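Report on the following structure.
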Amino acid sequence: GLSIGIVGLPNVGKSTLFNAITRAGALAANYPFATIEPNVGRVPVPDERLGALAKVFTKGERVPPIIPTYVEFVDIAGLVKGASQGEGLGNQFLANIREVDAIAHVVRCFTDDNVIHVAGRVDPTDDIETINTELILADLAGLEKRLANLQKKAKGNDKDAREQAALAEQILAVLGEGRPARAGTYDAPIPKDFGLITTKPVIYVANVGEDELTEDNDAVRRVREYAARENAAVVKISAQIEGELAEMPEDEAREFLSDLGVQESGLDQLVKVGYETLGLITFITSGEKEVRAWTIRRGEKAPEAAGEIHSDLERGFIRAEVIEWQKMVEAGGWANAKAKGWVRTEGKDYVMQDGDIMNVLHSS
Ligand code: GDP
């Protein structure tokens, strides 16, 4: 699944948000959780389609269980100004942040004189740059070490090492200008084992006061301007409200949100934006047994998608029965959908679409 690391300066609301995430996850946890570390919280990906399909496949009293996909949030503590030079940016920090797929960068956009700001004032642009600089410095330090190793190997006539060294130099030039690695264009794709942080997409999370969710305040506007220059997404949330929402039953939460003038919780928005940012889509398997969502990358073909369910299904893939979820709701079940001719037969080259329902036919 998708994992998102939460970073930001101290006192911007990271823990408040993370606590809301773990509570929301606990509430939704009719799911066999593996024990996960204290700095990891897991929340279901909101998806109205699953509920609609569960109704379709309800037989008498039996409502099929809904199994959503999950997003993992990792609380990446320990990033402060100067951290890349000192103790703050320890191995644990680096290990945590290197694991995640995307970064949620929490920015303080609320004013509260009782909450001390590390820099003495609320200045979102400055705050963002402080964190981004630390991440760039961490990448510079890591990549310089790697380059030294690669150069040693390159002397021994290792062609791969020579090519990788050239790539590392290109990336270092970008980092050296104070730009994240993702801002550059290179001759080759960056290998995962370079362990870079600034290749990961960033979502800026503007944390506002609870009465500031509808109209953007000055600070939020600055975050939006900054993010626009990087083509990054912004999600406006109130970490405090997320905490309150996480305690409420669903219908109560919906009413509370609409009283505040918003449609969707910040957490739900963050999850959705995370999916969009990473080019992830959902396909569904459904029947009377269960209604289940699966995460794949946009552009994946039917056999790869089948492999998400089970590797046997990819290996033995013959063809797939595919139908758009709305058509299934309209038809009211597989038999009727087939009778109407709405279930297509797709082969190995079929590119999966968001919201497809798939039934894999395979040899065993
Ligand atoms: P962290 O250091 O980034 O993890 O920040 P915390 O989540 O611990 O928040 C720091 C302080 O800011 C705490 O006292 C929070 O209660 C407070 N805080 C967080 N979000 C908000 C908010 O939206 N409004 C206000 N007024 N205070 C907040």
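Chain lettering (A, B, ...) mirrors the order of the structure tokens, residue numbering begins at 1 for each chain separately, and ligand numbering begins at 1 in order of display.
Pocket residues of ligand 1, taken as those with any atom at most 7 Å away using only C-alpha atoms and all ligand atoms, are Gly8, Leu9, Pro10, Asn11, Val12, Gly13, Lys14, Ser15, Thr16, Leu17, Phe110, Thr111, Asp112, Val115, Asn207, Val208, Gly209, Glu210, Ser238, Ala239 and Gln240 of chain A.
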Where in region 190-247 of chain A does DSSP assign strand (DSSP E or B), given as a tab-separated table (two decimals) with N, CA and C atoms, in the first residue's frame?
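Result file is part-v1.tsv:
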```
chain	number	residue	atom	x	y	z
A	202	VAL	N	5.91	15.73	-2.67
A	202	VAL	CA	5.52	16.38	-1.41
A	202	VAL	C	4.10	16.91	-1.52
A	203	ILE	N	3.34	16.72	-0.46
A	203	ILE	CA	2.03	17.35	-0.33
A	203	ILE	C	2.15	18.31	0.84
A	204	TYR	N	1.85	19.58	0.62
A	204	TYR	CA	1.91	20.54	1.72
A	204	TYR	C	0.58	20.51	2.48
A	205	VAL	N	0.70	20.37	3.79
A	205	VAL	CA	-0.49	20.33	4.63
A	205	VAL	C	-0.54	21.61	5.44
A	206	ALA	N	-1.45	22.50	5.06
A	206	ALA	CA	-1.57	23.78	5.75
A	206	ALA	C	-2.47	23.59	6.96
A	207	ASN	N	-1.89	23.68	8.15
A	207	ASN	CA	-2.66	23.46	9.37
A	207	ASN	C	-3.19	24.78	9.90
A	233	ALA	N	0.83	19.62	-4.46
A	233	ALA	CA	-0.54	19.78	-3.99
A	233	ALA	C	-0.56	20.36	-2.58
A	234	VAL	N	-1.67	21.02	-2.24
A	234	VAL	CA	-1.86	21.55	-0.89
A	234	VAL	C	-3.16	21.00	-0.34
A	235	VAL	N	-3.14	20.57	0.90
A	235	VAL	CA	-4.37	20.19	1.59
A	235	VAL	C	-4.48	21.06	2.83
A	236	LYS	N	-5.61	21.74	2.95
A	236	LYS	CA	-5.82	22.58	4.13
A	236	LYS	C	-6.58	21.77	5.17
A	237	ILE	N	-6.03	21.71	6.36
A	237	ILE	CA	-6.70	20.95	7.42
A	237	ILE	C	-6.63	21.74	8.73
```
Would you mind listing what lies within 8 Å of Pro64 (chain A) as a PyMOL selection string, with only C-alpha atoms counted and same-chain residues fewer than 4 positions away left out?
chain A and resi 54+57-58+287-291
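One finds CA of Asp356 (chain A) at 14.6 Å from CA of Pro68 (chain A).
Counting only C-alpha atoms and comparing A:Arg146, A:Gly261, A:Tyr70, A:Asp349, the residue that lies closest to Asp211 (chain A) is A:Gly261.
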Could you name the residues that touch region 89-104 of chain A at 10 Å or less, counting only C-alpha atoms, but leaving out those on the same chain fewer than 3 positions away, as a ChimeraX atom specification?
/A:1-8,14,39,72-86,107,134-135,138-139,142,192-206,233-235,270,274-275,277-278
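Picture a line from CA of Val223 (chain A) to CA of Arg254 (chain A); it runs 27.1 Å.
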Polymer residues at most 12 Å from Phe317 (chain A), only C-alpha atoms, same-chain spacing of 6 or more positions, as a ChimeraX atom specification
/A:301-307,309-311,346-349,359-364
Residues from the last selection, C-alpha atoms, saved as a compact mmCIF listing (two decimals), in the first residue's frame:
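That gives us out_0.txt:
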```txt
# COMPACT_ATOMS: atom_id res chain seq x y z
CA LYS A 301 -2.40 -4.13 -17.04
CA ALA A 302 -4.89 -6.77 -15.99
CA PRO A 303 -2.36 -9.55 -15.19
CA GLU A 304 -0.30 -7.25 -12.91
CA ALA A 305 -3.49 -6.14 -11.20
CA ALA A 306 -4.45 -9.80 -10.75
CA GLY A 307 -1.05 -10.30 -9.17
CA ILE A 309 -4.73 -10.35 -5.39
CA HIS A 310 -2.46 -13.36 -5.60
CA SER A 311 0.70 -14.18 -7.51
CA GLU A 346 -10.37 -8.48 -21.43
CA GLY A 347 -7.01 -10.02 -22.19
CA LYS A 348 -3.43 -9.60 -21.03
CA ASP A 349 -3.00 -6.16 -22.56
CA ASN A 359 -13.01 -11.20 -11.99
CA VAL A 360 -9.88 -13.10 -12.98
CA LEU A 361 -10.14 -16.34 -14.92
CA HIS A 362 -6.97 -18.30 -14.42
CA SER A 363 -5.40 -21.72 -14.73
CA SER A 364 -4.06 -23.18 -11.54
```
Residues near Thr125 (chain A), cut-off 9 Å, only C-alpha atoms, skip fewer than 6 positions along chain, as a list in words:
Ala219, Arg222, Val223 and Tyr226 of chain A
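The shortest atom-to-atom distance to Ser265 (chain A), with only C-alpha atoms taken into account, belongs to A:Ala20 out of A:Leu172, A:Ala20, A:Ile116, A:Ala166.
Between Thr69 (chain A) and the residues A:Val271, A:Ala24, A:Leu313, A:Ala337, the shortest atom-to-atom distance, using only C-alpha atoms, involves A:Val271.
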Tell me, which residues of region 200-253 of chain A carry DSSP helix (DSSP H, G or I), written as a list in words?
Asp218, Ala219, Val220, Arg221, Arg222, Val223, Arg224, Glu225, Tyr226, Ala227, Ala228, Arg229, Glu230, Ala239, Gln240, Ile241, Glu242, Gly243, Glu244, Leu245, Glu250, Asp251, Glu252 and Ala253 of chain A
Give me, as a PyMOL selection string, all polymer residues having an atom no more than 8 Å from Gln151 (chain A), counting only C-alpha atoms and skipping those fewer than 3 positions away in the same chain.
chain A and resi 147-148+154-155+161-162+165
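If you look at CA of Glu169 (chain A) and CA of Asn157 (chain A), they are 18.0 Å away from each other.
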